[in-house]
Structures are given as C-alpha cells and as structure tokens.
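Student: Here you go, this is data-v6.pdb (PDB, C-alpha atoms and all ligand atoms).
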```
ATOM      1  CA  MET A 539     -20.126   9.451 -13.228
ATOM      2  CA  ARG A 540     -20.649  12.305 -10.801
ATOM      3  CA  LEU A 541     -18.549  10.438  -8.267
ATOM      4  CA  ALA A 542     -15.729   9.894 -10.721
ATOM      5  CA  VAL A 543     -15.718  13.558 -11.628
ATOM      6  CA  SER A 544     -15.627  14.741  -8.029
ATOM      7  CA  VAL A 545     -12.862  12.307  -7.129
ATOM      8  CA  ALA A 546     -10.870  13.386 -10.141
ATOM      9  CA  ALA A 547     -11.387  17.032  -9.253
ATOM     10  CA  ILE A 548     -10.186  16.479  -5.714
ATOM     11  CA  LEU A 549      -7.203  14.340  -6.515
ATOM     12  CA  ALA A 550      -6.106  16.396  -9.484
ATOM     13  CA  LEU A 551      -5.240  19.182  -7.053
ATOM     14  CA  SER A 552      -1.608  19.226  -6.189
ATOM     15  CA  ALA A 553      -0.400  19.808  -2.674
ATOM     16  CA  PRO A 554      -0.968  21.764  -0.606
ATOM     17  CA  VAL A 555      -4.666  21.335  -1.201
ATOM     18  CA  ALA A 556      -6.164  23.305   1.669
ATOM     19  CA  ALA A 557      -6.627  26.503  -0.299
ATOM     20  CA  GLN A 558      -8.265  24.696  -3.209
ATOM     21  CA  SER A 559     -10.737  22.422  -1.472
ATOM     22  CA  PRO A 560     -13.897  21.552  -3.373
ATOM     23  CA  ASP A 561     -17.223  22.867  -2.133
ATOM     24  CA  PHE A 562     -18.105  20.251   0.468
ATOM     25  CA  SER A 563     -21.416  21.956   1.210
ATOM     26  CA  LYS A 564     -22.628  20.629  -2.152
ATOM     27  CA  VAL A 565     -21.507  17.043  -1.527
ATOM     28  CA  GLU A 566     -24.283  14.549  -0.808
ATOM     29  CA  ILE A 567     -23.579  11.290   1.010
ATOM     30  CA  LYS A 568     -25.459   8.431  -0.623
ATOM     31  CA  SER A 569     -25.707   5.014   0.966
ATOM     32  CA  GLU A 570     -26.109   1.622  -0.670
ATOM     33  CA  VAL A 571     -26.787  -1.508   1.381
ATOM     34  CA  VAL A 572     -24.701  -4.329  -0.124
ATOM     35  CA  ALA A 573     -25.605  -7.099   2.367
ATOM     36  CA  PRO A 574     -27.500  -7.289   5.665
ATOM     37  CA  GLY A 575     -25.555  -5.061   8.064
ATOM     38  CA  VAL A 576     -23.075  -3.901   5.430
ATOM     39  CA  ALA A 577     -23.294  -0.671   3.462
ATOM     40  CA  VAL A 578     -21.169   1.619   1.365
ATOM     41  CA  LEU A 579     -21.389   5.402   1.558
ATOM     42  CA  PHE A 580     -20.482   7.479  -1.490
ATOM     43  CA  GLY A 581     -19.648  11.167  -1.207
ATOM     44  CA  ALA A 582     -16.360  12.837  -2.111
ATOM     45  CA  GLY A 583     -13.138  10.920  -1.678
ATOM     46  CA  GLY A 584     -12.729   7.235  -0.947
ATOM     47  CA  ASN A 585     -15.761   4.985  -0.647
ATOM     48  CA  ILE A 586     -16.767   4.412   2.980
ATOM     49  CA  GLY A 587     -17.614   0.927   4.209
ATOM     50  CA  LEU A 588     -19.992   0.406   7.119
ATOM     51  CA  SER A 589     -20.706  -2.542   9.375
ATOM     52  CA  TYR A 590     -23.790  -1.998  11.489
ATOM     53  CA  GLY A 591     -26.009  -3.987  13.807
ATOM     54  CA  GLU A 592     -26.572  -4.802  17.454
ATOM     55  CA  ASP A 593     -22.942  -4.253  18.502
ATOM     56  CA  GLY A 594     -22.526  -0.770  17.059
ATOM     57  CA  SER A 595     -21.169   0.701  13.852
ATOM     58  CA  VAL A 596     -17.748   0.322  12.287
ATOM     59  CA  LEU A 597     -16.673   2.775   9.608
ATOM     60  CA  ILE A 598     -14.069   2.004   6.983
ATOM     61  CA  ASP A 599     -12.495   5.347   5.973
ATOM     62  CA  ASP A 600     -14.045   8.773   6.445
ATOM     63  CA  GLN A 601     -13.398  11.007   3.394
ATOM     64  CA  PHE A 602     -12.957  14.681   4.360
ATOM     65  CA  ALA A 603     -13.382  16.558   7.657
ATOM     66  CA  PRO A 604     -16.162  18.904   6.441
ATOM     67  CA  LEU A 605     -18.256  15.825   5.595
ATOM     68  CA  THR A 606     -18.182  14.141   9.026
ATOM     69  CA  ASP A 607     -21.615  15.362  10.121
ATOM     70  CA  LYS A 608     -23.189  14.289   6.834
ATOM     71  CA  ILE A 609     -21.476  10.903   7.032
ATOM     72  CA  LEU A 610     -22.751  10.317  10.569
ATOM     73  CA  ALA A 611     -26.224  11.422   9.457
ATOM     74  CA  ALA A 612     -26.095   8.871   6.641
ATOM     75  CA  VAL A 613     -25.087   6.169   9.145
ATOM     76  CA  ALA A 614     -28.019   7.120  11.377
ATOM     77  CA  GLY A 615     -30.243   7.181   8.308
ATOM     78  CA  LEU A 616     -29.657   3.457   7.891
ATOM     79  CA  GLY A 617     -30.959   2.903  11.415
ATOM     80  CA  ALA A 618     -27.438   2.113  12.586
ATOM     81  CA  LYS A 619     -26.075   2.638  16.083
ATOM     82  CA  PRO A 620     -23.348   5.240  16.699
ATOM     83  CA  VAL A 621     -19.859   4.646  15.305
ATOM     84  CA  LYS A 622     -17.555   2.812  17.734
ATOM     85  CA  TYR A 623     -14.607   1.925  15.543
ATOM     86  CA  LEU A 624     -12.947   3.348  12.466
ATOM     87  CA  ILE A 625     -10.546   1.435  10.229
ATOM     88  CA  ASN A 626      -8.411   3.322   7.710
ATOM     89  CA  THR A 627      -7.588   1.413   4.523
ATOM     90  CA  HIS A 628      -4.509   3.648   4.064
ATOM     91  CA  TRP A 629      -3.252   7.096   4.972
ATOM     92  CA  HIS A 630      -4.390   9.226   1.976
ATOM     93  CA  TYR A 631      -6.254  12.368   2.953
ATOM     94  CA  ASP A 632      -9.387  11.520   0.965
ATOM     95  CA  HIS A 633      -9.777   8.424   3.203
ATOM     96  CA  THR A 634      -8.653   9.823   6.582
ATOM     97  CA  GLY A 635      -9.860  13.427   6.496
ATOM     98  CA  GLY A 636     -12.585  12.800   9.082
ATOM     99  CA  ASN A 637     -10.245  11.047  11.533
ATOM    100  CA  GLU A 638      -9.675  14.035  13.809
ATOM    101  CA  ASN A 639     -13.421  14.686  14.195
ATOM    102  CA  LEU A 640     -14.141  11.030  14.912
ATOM    103  CA  GLY A 641     -11.125  10.585  17.195
ATOM    104  CA  LYS A 642     -12.254  13.581  19.259
ATOM    105  CA  ALA A 643     -15.758  12.085  19.412
ATOM    106  CA  GLY A 644     -14.317   8.981  21.086
ATOM    107  CA  VAL A 645     -14.172   6.632  18.101
ATOM    108  CA  THR A 646     -11.270   4.153  18.313
ATOM    109  CA  ILE A 647      -9.159   4.256  15.142
ATOM    110  CA  PHE A 648      -7.458   1.157  13.731
ATOM    111  CA  ALA A 649      -4.966   0.966  10.850
ATOM    112  CA  HIS A 650      -1.813  -0.681   9.590
ATOM    113  CA  GLU A 651       1.225   0.660  11.458
ATOM    114  CA  ASN A 652       2.546   2.465   8.365
ATOM    115  CA  VAL A 653      -0.647   4.541   8.241
ATOM    116  CA  ARG A 654       0.197   5.977  11.641
ATOM    117  CA  VAL A 655       3.829   6.540  10.643
ATOM    118  CA  ARG A 656       2.893   8.373   7.437
ATOM    119  CA  MET A 657       0.136  10.436   9.073
ATOM    120  CA  LEU A 658       2.581  11.497  11.798
ATOM    121  CA  THR A 659       5.202  12.698   9.344
ATOM    122  CA  GLY A 660       3.062  13.808   6.410
ATOM    123  CA  SER A 661       4.524  14.076   2.930
ATOM    124  CA  THR A 662       5.453  16.804   0.471
ATOM    125  CA  ALA A 663       5.688  14.505  -2.530
ATOM    126  CA  GLY A 664       3.184  13.843  -5.292
ATOM    127  CA  ILE A 665      -0.575  14.323  -5.462
ATOM    128  CA  ALA A 666      -1.094  12.609  -2.091
ATOM    129  CA  ALA A 667       1.056  15.143  -0.210
ATOM    130  CA  ALA A 668      -0.376  16.101   3.162
ATOM    131  CA  LYS A 669       0.604  17.891   6.330
ATOM    132  CA  PRO A 670       1.377  15.904   9.484
ATOM    133  CA  SER A 671      -1.889  14.903  11.162
ATOM    134  CA  PRO A 672      -2.975  16.173  14.584
ATOM    135  CA  PRO A 673      -2.830  13.610  17.452
ATOM    136  CA  ALA A 674      -6.588  12.969  17.569
ATOM    137  CA  ALA A 675      -6.523  11.884  13.908
ATOM    138  CA  LEU A 676      -3.976   9.114  14.435
ATOM    139  CA  PRO A 677      -4.789   5.416  14.649
ATOM    140  CA  VAL A 678      -4.562   4.230  18.278
ATOM    141  CA  VAL A 679      -4.532   0.524  17.459
ATOM    142  CA  THR A 680      -2.077  -0.551  14.764
ATOM    143  CA  TYR A 681      -1.123  -3.907  13.316
ATOM    144  CA  GLN A 682       1.364  -5.364  10.837
ATOM    145  CA  GLN A 683      -0.523  -8.144   9.113
ATOM    146  CA  GLY A 684      -4.084  -7.697  10.193
ATOM    147  CA  ILE A 685      -6.715  -7.854  12.894
ATOM    148  CA  SER A 686     -10.228  -9.298  13.093
ATOM    149  CA  PHE A 687     -13.453  -7.768  14.371
ATOM    150  CA  HIS A 688     -16.080 -10.090  15.779
ATOM    151  CA  LEU A 689     -19.297  -8.151  15.821
ATOM    152  CA  ASN A 690     -22.682  -7.570  14.254
ATOM    153  CA  GLY A 691     -23.030 -11.305  13.659
ATOM    154  CA  ASP A 692     -20.013 -11.470  11.380
ATOM    155  CA  ARG A 693     -16.243 -11.680  11.388
ATOM    156  CA  ILE A 694     -14.523  -8.848   9.573
ATOM    157  CA  ASP A 695     -10.890  -9.535   8.728
ATOM    158  CA  ALA A 696      -8.633  -6.518   8.240
ATOM    159  CA  ILE A 697      -5.911  -7.830   5.944
ATOM    160  CA  HIS A 698      -2.501  -6.448   5.012
ATOM    161  CA  THR A 699      -0.385  -8.550   2.700
ATOM    162  CA  HIS A 700       2.118  -6.272   0.978
ATOM    163  CA  GLY A 701       0.103  -3.233   0.053
ATOM    164  CA  GLY A 702       0.899  -1.899  -3.376
ATOM    165  CA  HIS A 703      -1.155   1.290  -3.481
ATOM    166  CA  THR A 704       0.905   2.374  -0.437
ATOM    167  CA  ASP A 705       2.899   0.396   2.137
ATOM    168  CA  GLY A 706       0.043   0.500   4.649
ATOM    169  CA  ASP A 707      -2.955  -0.827   2.749
ATOM    170  CA  THR A 708      -5.698  -2.776   4.490
ATOM    171  CA  ALA A 709      -8.512  -4.657   2.779
ATOM    172  CA  LEU A 710     -11.561  -5.746   4.787
ATOM    173  CA  TYR A 711     -13.401  -9.002   4.285
ATOM    174  CA  TRP A 712     -16.784  -9.820   5.860
ATOM    175  CA  ARG A 713     -16.767 -13.622   6.091
ATOM    176  CA  LYS A 714     -20.503 -14.146   6.490
ATOM    177  CA  ALA A 715     -21.769 -11.279   4.345
ATOM    178  CA  ASN A 716     -19.124 -12.134   1.698
ATOM    179  CA  VAL A 717     -18.172  -8.522   1.092
ATOM    180  CA  LEU A 718     -14.671  -7.251   0.345
ATOM    181  CA  HIS A 719     -13.637  -3.609   0.765
ATOM    182  CA  THR A 720     -10.370  -3.108  -1.115
ATOM    183  CA  GLY A 721      -9.572   0.507  -0.325
ATOM    184  CA  ASP A 722      -7.565   1.951  -3.210
ATOM    185  CA  LEU A 723      -6.066  -1.410  -4.103
ATOM    186  CA  MET A 724      -8.927  -1.328  -6.612
ATOM    187  CA  MET A 725     -10.681   1.558  -8.343
ATOM    188  CA  ASN A 726     -13.628   0.189 -10.258
ATOM    189  CA  GLY A 727     -14.141   1.410 -13.820
ATOM    190  CA  LEU A 728     -11.687   4.252 -13.381
ATOM    191  CA  GLY A 729      -8.866   3.360 -15.735
ATOM    192  CA  PHE A 730      -5.527   2.828 -14.063
ATOM    193  CA  PRO A 731      -4.559   2.309 -10.416
ATOM    194  CA  PHE A 732      -2.825   4.968  -8.403
ATOM    195  CA  ILE A 733       0.458   3.424  -7.293
ATOM    196  CA  ASP A 734       1.789   5.912  -4.751
ATOM    197  CA  THR A 735       5.501   5.167  -4.965
ATOM    198  CA  ASN A 736       6.124   8.168  -2.695
ATOM    199  CA  SER A 737       4.215   6.282   0.031
ATOM    200  CA  GLY A 738       5.848   2.900  -0.463
ATOM    201  CA  GLY A 739       3.484   1.790  -3.217
ATOM    202  CA  ASP A 740       4.811  -0.801  -5.657
ATOM    203  CA  ALA A 741       3.182  -2.211  -8.784
ATOM    204  CA  ARG A 742       4.396  -5.755  -8.154
ATOM    205  CA  HIS A 743       3.161  -5.701  -4.573
ATOM    206  CA  LEU A 744      -0.185  -4.489  -5.853
ATOM    207  CA  VAL A 745      -0.502  -7.528  -8.109
ATOM    208  CA  HIS A 746       0.557  -9.825  -5.274
ATOM    209  CA  THR A 747      -1.944  -8.295  -2.861
ATOM    210  CA  LEU A 748      -4.786  -8.420  -5.386
ATOM    211  CA  THR A 749      -3.988 -12.085  -6.022
ATOM    212  CA  GLU A 750      -4.199 -12.786  -2.284
ATOM    213  CA  LEU A 751      -7.559 -10.993  -2.120
ATOM    214  CA  ILE A 752      -8.920 -12.852  -5.152
ATOM    215  CA  LYS A 753      -8.178 -16.096  -3.294
ATOM    216  CA  ILE A 754     -10.579 -15.230  -0.478
ATOM    217  CA  THR A 755     -13.397 -14.141  -2.796
ATOM    218  CA  ASN A 756     -15.833 -16.119  -4.925
ATOM    219  CA  PRO A 757     -18.188 -15.249  -7.799
ATOM    220  CA  GLN A 758     -20.847 -14.082  -5.315
ATOM    221  CA  THR A 759     -18.559 -11.686  -3.428
ATOM    222  CA  LYS A 760     -19.525  -8.012  -3.491
ATOM    223  CA  VAL A 761     -16.435  -5.882  -3.934
ATOM    224  CA  ILE A 762     -16.407  -2.334  -2.581
ATOM    225  CA  PRO A 763     -13.549  -0.523  -4.343
ATOM    226  CA  GLY A 764     -11.726   2.559  -3.031
ATOM    227  CA  HIS A 765     -13.381   4.605  -5.760
ATOM    228  CA  GLY A 766     -16.112   3.771  -8.249
ATOM    229  CA  PRO A 767     -19.210   1.576  -7.969
ATOM    230  CA  VAL A 768     -19.531  -1.745  -6.131
ATOM    231  CA  GLY A 769     -18.128  -4.543  -8.289
ATOM    232  CA  THR A 770     -17.610  -8.281  -8.433
ATOM    233  CA  GLN A 771     -14.835 -10.853  -8.226
ATOM    234  CA  ALA A 772     -14.685 -10.746 -12.040
ATOM    235  CA  ASP A 773     -13.953  -7.011 -11.878
ATOM    236  CA  LEU A 774     -11.229  -7.652  -9.314
ATOM    237  CA  ILE A 775      -9.630 -10.359 -11.460
ATOM    238  CA  ALA A 776      -9.751  -8.199 -14.598
ATOM    239  CA  TRP A 777      -8.179  -5.330 -12.655
ATOM    240  CA  ARG A 778      -5.357  -7.542 -11.346
ATOM    241  CA  ASP A 779      -4.752  -9.038 -14.790
ATOM    242  CA  MET A 780      -4.612  -5.600 -16.413
ATOM    243  CA  ILE A 781      -1.966  -4.452 -13.919
ATOM    244  CA  ALA A 782       0.066  -7.654 -14.267
ATOM    245  CA  GLN A 783      -0.027  -7.262 -18.051
ATOM    246  CA  SER A 784       1.016  -3.614 -17.751
ATOM    247  CA  ILE A 785       4.034  -4.525 -15.647
ATOM    248  CA  GLU A 786       5.073  -7.177 -18.131
ATOM    249  CA  LEU A 787       4.803  -4.774 -21.084
ATOM    250  CA  VAL A 788       7.004  -2.221 -19.345
ATOM    251  CA  ARG A 789       9.387  -4.807 -17.912
ATOM    252  CA  ALA A 790      10.003  -6.414 -21.320
ATOM    253  CA  ARG A 791      10.926  -3.053 -22.857
ATOM    254  CA  LYS A 792      13.108  -2.142 -19.894
ATOM    255  CA  ALA A 793      14.890  -5.494 -20.097
ATOM    256  CA  LYS A 794      15.744  -4.764 -23.746
ATOM    257  CA  GLY A 795      17.366  -1.499 -22.677
ATOM    258  CA  ALA A 796      14.578   0.938 -23.507
ATOM    259  CA  LYS A 797      14.605   4.250 -21.629
ATOM    260  CA  LEU A 798      11.521   5.574 -19.827
ATOM    261  CA  ALA A 799      11.085   8.371 -22.415
ATOM    262  CA  ALA A 800      10.935   5.808 -25.204
ATOM    263  CA  VAL A 801       8.379   3.697 -23.343
ATOM    264  CA  LEU A 802       6.254   6.781 -22.717
ATOM    265  CA  ALA A 803       6.446   7.712 -26.399
ATOM    266  CA  ASP A 804       5.551   4.166 -27.389
ATOM    267  CA  ASN A 805       2.613   4.053 -24.932
ATOM    268  CA  PRO A 806       2.284   0.256 -24.687
ATOM    269  CA  LEU A 807      -0.311   0.534 -21.880
ATOM    270  CA  ALA A 808      -2.786   2.722 -23.797
ATOM    271  CA  ALA A 809      -4.664  -0.281 -25.151
ATOM    272  CA  LEU A 810      -5.285  -1.610 -21.623
ATOM    273  CA  GLN A 811      -7.207   1.412 -20.374
ATOM    274  CA  LYS A 812     -10.853   0.763 -19.478
ATOM    275  CA  GLY A 813     -12.680   3.790 -18.127
ATOM    276  CA  LYS A 814     -11.076   6.995 -16.986
ATOM    277  CA  GLY A 815     -10.024   8.165 -13.548
ATOM    278  CA  PHE A 816      -7.511  10.629 -12.217
ATOM    279  CA  VAL A 817      -4.405   8.551 -12.987
ATOM    280  CA  THR A 818      -2.976   9.435 -16.377
ATOM    281  CA  LEU A 819      -1.343   6.929 -18.671
ATOM    282  CA  GLU A 820       1.933   8.746 -18.139
ATOM    283  CA  ALA A 821       1.704   8.687 -14.333
ATOM    284  CA  TYR A 822       0.771   5.004 -14.379
ATOM    285  CA  THR A 823       3.645   4.090 -16.691
ATOM    286  CA  LYS A 824       6.070   6.094 -14.532
ATOM    287  CA  ALA A 825       4.842   4.375 -11.360
ATOM    288  CA  ILE A 826       5.420   0.945 -12.891
ATOM    289  CA  TRP A 827       8.825   2.062 -14.088
ATOM    290  CA  ALA A 828       9.717   3.355 -10.606
ATOM    291  CA  SER A 829       8.532   0.065  -9.067
ATOM    292  CA  LEU A 830      10.791  -1.878 -11.426
ATOM    293  CA  GLU A 831      13.739   0.321 -10.447
ATOM    294  CA  VAL A 832      13.551  -1.019  -6.902
ATOM    295  CA  LYS A 833      16.062  -3.878  -6.781
ATOM    296  CA  PRO A 834      15.726  -6.340  -5.324
ATOM    297  CA  ALA A 835      11.955  -6.298  -4.886
ATOM    298  CA  PRO A 836      11.205  -5.226  -1.294
ATOM    299  CA  ALA A 837      11.012  -8.261   0.946
ATOM    300  CA  HIS A 838       7.622  -9.753   1.548
ATOM    301  CA  LYS A 839       6.808  -9.856   5.216
ATOM    302  CA  HIS A 840       4.704 -12.963   5.597
TER     303      HIS A 840
HETATM  304 ZN    ZN A 901      -5.415   6.287  -1.890
END
```
Let's see the structure in the file written out as structure tokens.

Tutor:
Amino acid sequence: MRLAVSVAAILALSAPVAAQSPDFSKVEIKSEVVAPGVAVLFGAGGNIGLSYGEDGSVLIDDQFAPLTDKILAAVAGLGAKPVKYLINTHWHYDHTGGNENLGKAGVTIFAHENVRVRMLTGSTAGIAAAKPSPPAALPVVTYQQGISFHLNGDRIDAIHTHGGHTDGDTALYWRKANVLHTGDLMMNGLGFPFIDTNSGGDARHLVHTLTELIKITNPQTKVIPGHGPVGTQADLIAWRDMIAQSIELVRARKAKGAKLAAVLADNPLAALQKGKGFVTLEAYTKAIWASLEVKPAPAHKH
C-alpha cells in the first residue's frame, strides 16, 4: 500500500507540480524479478520494466529525474549490464521524468510518435499537465503501431493499438518470458483507470486496446501494470470488463437523455470500484462521459 499512497500523493498534485514535488530522497527503488531476464522496479511513479541479459539492459519508463541514480543502482543490483535503450509507455511525467538524464547518458529513447509530440508541446490541462520537455528527454526513435526488440534471448514487442489512457500508449510483451507490461492501460488494484482525455485518451479505445492485449496473453502471463503490484491475465480481464461495464452504464443513461450532473448524482459506477487509487469516481465518470461526447468515435488506425 505504500506504493499506492505515494502514487496518489504525486498524482493528486495539480500542475504545475515542480514546487510541490514529494521528497525523492526518501523513495526506495525495489526490484522484483518476474521471469529470467525480466524485472519490475517499484519506486515513485509508474512501474519500471527491465529486460536484462547478455545484450544489455532495456528500461521501460523511468519515473522521476531525482530517482535516476537510484534506478540505475537497482538495475546494477540485479547484475544487469548498463541501460542501452529506454521505451516510454506514454508521455506522463511520472513515467518519463528520468528521460533527460538517460538521454544525456547516451541511452536511445523509443516511444509512440504521439509521446514525442506531447512531450515537445507539453500541456496545461488536467492533473497530467507538464512543461515542454528539453531536447535530450525526447524519444529519438518513434513508431505508429509498434516495434520489436530482439535481444536478451527474447523478442519484446512494443505494441500500440489505439491507446485509451492517452493517444500514445505502448504495451510491451516478452514472447518467451510471457510477460506483459501495460503501462497505465492497467492499474492493478487501484480502483478506476485514469483516462486522460486531455491527452487523447478515450474510454472506448481503452477497452479495445485491453481486449487486443488480452488476446496475446494466457493464464500464465505475468502482467506488470502501470501502477500497483504484478498481476495476471485474470486481473487484466476483470479490469477490461469493469471499464466496458462502466461505459455501458453511462452510455445507457446518456442515450435516455440524462445530463452529466444527474449521472454523477446517481453514481452508477460506485458499485464497480475495487480498491482505491488516485482517480475519483467523479473524474472517472466525467472521462467516460467526455469519451462518449466524441462523435463519431475516432478512427481506428489499423
Ligand atoms: Zn499515465
């Protein structure tokens, strides 16, 4: 629960956050090996994935800049070689905060093209607001639908279907190790998803993307969520089903002419909440409502 509390504390801060940063000197980076050559690092901010082995280390996300040294120490602590590549699951500052440090250290940064676009421009809207990123923090290799890494005895597929949390989400799947890193497409045991409609997030896309990810998993798959503990395919399916059900509950009321205020007063999604994170029932309901306001649904790219 310490992780959940620290994440909530960080993300509850509204922009600009710089003056209110948590005390990073107190943050410990803990590592958990989930399969041979695959680990997750917990600290403050989004969970970090790690591929390590004879070909060098690949990081998935990097939390906050003041934690870079501790993160690299945790990587070394696993006996891993230095970090060669970094993949960002999306642009949010609690997943990309270490980019500038790593970029300057010569790490090659990969991400969906919308991550680069949003980091370049920054945002003033919502709890994920952030200043434009400095050049060294930007992804240097971008893609639209995905890219694959052939290293450390495995194939790691970086997959973008339609996002949903933002418009630049990447999930990573280790084919041999059978590990999925979802980024913030899933937050395990933390209540409701954060659908960042200010960053192109969309509730219906989230369900679509989760369905695509479920298809490549099996009951043995280890699922590293963006926040929360490592989970299973069953957790992923329950998460997707909860969101699909939420959309339907809101959509049905909207179709009958209900106004947002009435839906919020009625609180149809309250019964679906399992666990508690930083996304309130109200914010979640509003994000679904905003997604349903987009007509027609944004075109799917593949
Ligand atoms: Zn996020």

Student: Using all atoms listed in the file, find each residue with an atom at most 8 Å away from ligand ZN 901 (chain A) and format the answer as a list in words.

Tutor: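 Listed by chain and ascending number, the contacts are Gly584, His628, Trp629, His630, Tyr631, Asp632, His633, Ala666, His703, Thr704, Gly721, Asp722, Phe732, Asp734 and Gly764 of chain A.
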
Student: Give as an NGL selection string each residue that has an atom at most 7 Å from (-6.3, 14.4, 19.5) in the file, counting all atoms listed in the file.

Tutor: :A and (638 or 641-642 or 672-675)

Student: Store the residues picked out above, limited to C-alpha atoms, as an mmCIF file, in the coordinates of the input.

Tutor:
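As a result, part_19.cif now contains:
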```cif
data_model
loop_
_atom_site.group_PDB
_atom_site.id
_atom_site.type_symbol
_atom_site.label_atom_id
_atom_site.label_comp_id
_atom_site.auth_asym_id
_atom_site.auth_seq_id
_atom_site.Cartn_x
_atom_site.Cartn_y
_atom_site.Cartn_z
ATOM 1 C CA GLU A 638 -9.675 14.035 13.809
ATOM 2 C CA GLY A 641 -11.125 10.585 17.195
ATOM 3 C CA LYS A 642 -12.254 13.581 19.259
ATOM 4 C CA PRO A 672 -2.975 16.173 14.584
ATOM 5 C CA PRO A 673 -2.830 13.610 17.452
ATOM 6 C CA ALA A 674 -6.588 12.969 17.569
ATOM 7 C CA ALA A 675 -6.523 11.884 13.908
#
```

Student: As a check of understanding, name the residues that the PyMOL selection byres (((chain A and resi 563) around 10) and not hetatm) selects in the supplied structure, as a PyMOL selection string.

Tutor: chain A and resi 560-562+564-566+604-605+608

Student: May I have the residues within 10 Å of range 577-581 of chain A as a count of residues only, using only C-alpha atoms and disregarding those fewer than 3 positions away in the same chain?

Tutor: 43

Student: Counting all atoms listed in the file, what is within 6 Å of His698 in chain A, bar same-chain residues fewer than 2 positions away, as a PyMOL selection string?

Tutor: chain A and resi 683-684+708

Student: Which residue out of A:Gln783, A:Ser829, A:Thr699, A:Asn637 has the minimum interatomic distance to Arg742 in chain A when all atoms listed in the file are used?

Tutor: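 Distance minimum relative to Arg742 in chain A lands on A:Ser829.
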
Student: I need the output of the PyMOL selection byres (((chain A and resi 702) around 6) and not hetatm) for this file as number ranges by chain; which residues are they?

Tutor: A: 701, 703-704, 739-741, 743-744

Student: Where does the PyMOL selection byres (((chain A and resi 818) around 12) and not hetatm) land in this file, that is, which residues does it pick, as a PyMOL selection string?

Tutor: chain A and resi 546+549-550+728-733+802+805+807-808+811+813-817+819-825

Student: So the first atom is CA of Thr735 in chain A and the second is CA of Ala663 in chain A; what is the distance between them in Å, to one decimal place?

Tutor: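 About the pair CA of Thr735 in chain A and CA of Ala663 in chain A: they are 9.7 Å apart.
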
Student: What does the structure give for the distance between CA of Lys714 in chain A and CA of Gly691 in chain A, in Å to one decimal?

Tutor: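 CA of Lys714 in chain A sits 8.1 Å away from CA of Gly691 in chain A.
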
Student: In Å to one decimal, how far is CA of Val678 in chain A from CA of Gly644 in chain A?

Tutor: 11.2 Å

Student: Please provide the set of residues having any atom within 12 Å of Val596 in chain A, restricted to all atoms listed in the file, with same-chain residues fewer than 6 positions apart removed, written as a PyMOL selection string.

Tutor: chain A and resi 575-578+586-590+610+613+618-626+640+645-648+687-690+694+710

Student: Taking into account only C-alpha atoms, which residue in the set A:Asn726, A:Thr770, A:Ser686, A:Thr720 is nearest to Leu748 in chain A?

Tutor: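 For Leu748 in chain A, the nearest of the given residues is A:Thr720.
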
Student: Residues at most 12 Å from Arg791 in chain A, counting only C-alpha atoms, excluding those fewer than 2 positions away in the same chain, as a list of chain:residue names?

Tutor: A:Ser784, A:Ile785, A:Glu786, A:Leu787, A:Val788, A:Arg789, A:Ala793, A:Lys794, A:Gly795, A:Ala796, A:Lys797, A:Leu798, A:Ala799, A:Ala800, A:Val801, A:Leu802, A:Asp804, A:Asn805, A:Pro806, A:Leu807, A:Thr823, A:Trp827, A:Leu830

Student: So which one's closest to Ile781 in chain A, A:Ala803, A:Ala643, A:Val832, A:Val745? Using all atoms listed in the file, please.

Tutor: A:Val745

Student: Range 645-654 of chain A, all listed atoms, 6 Å padding on each side: what axis-aligned box centre and edge lengths in Å to one decimal come out, as JSON?

Tutor:
```
{"center_x": -5.8, "center_y": 3.0, "center_z": 13.3, "size_x": 28.7, "size_y": 19.3, "size_z": 22.1}
```
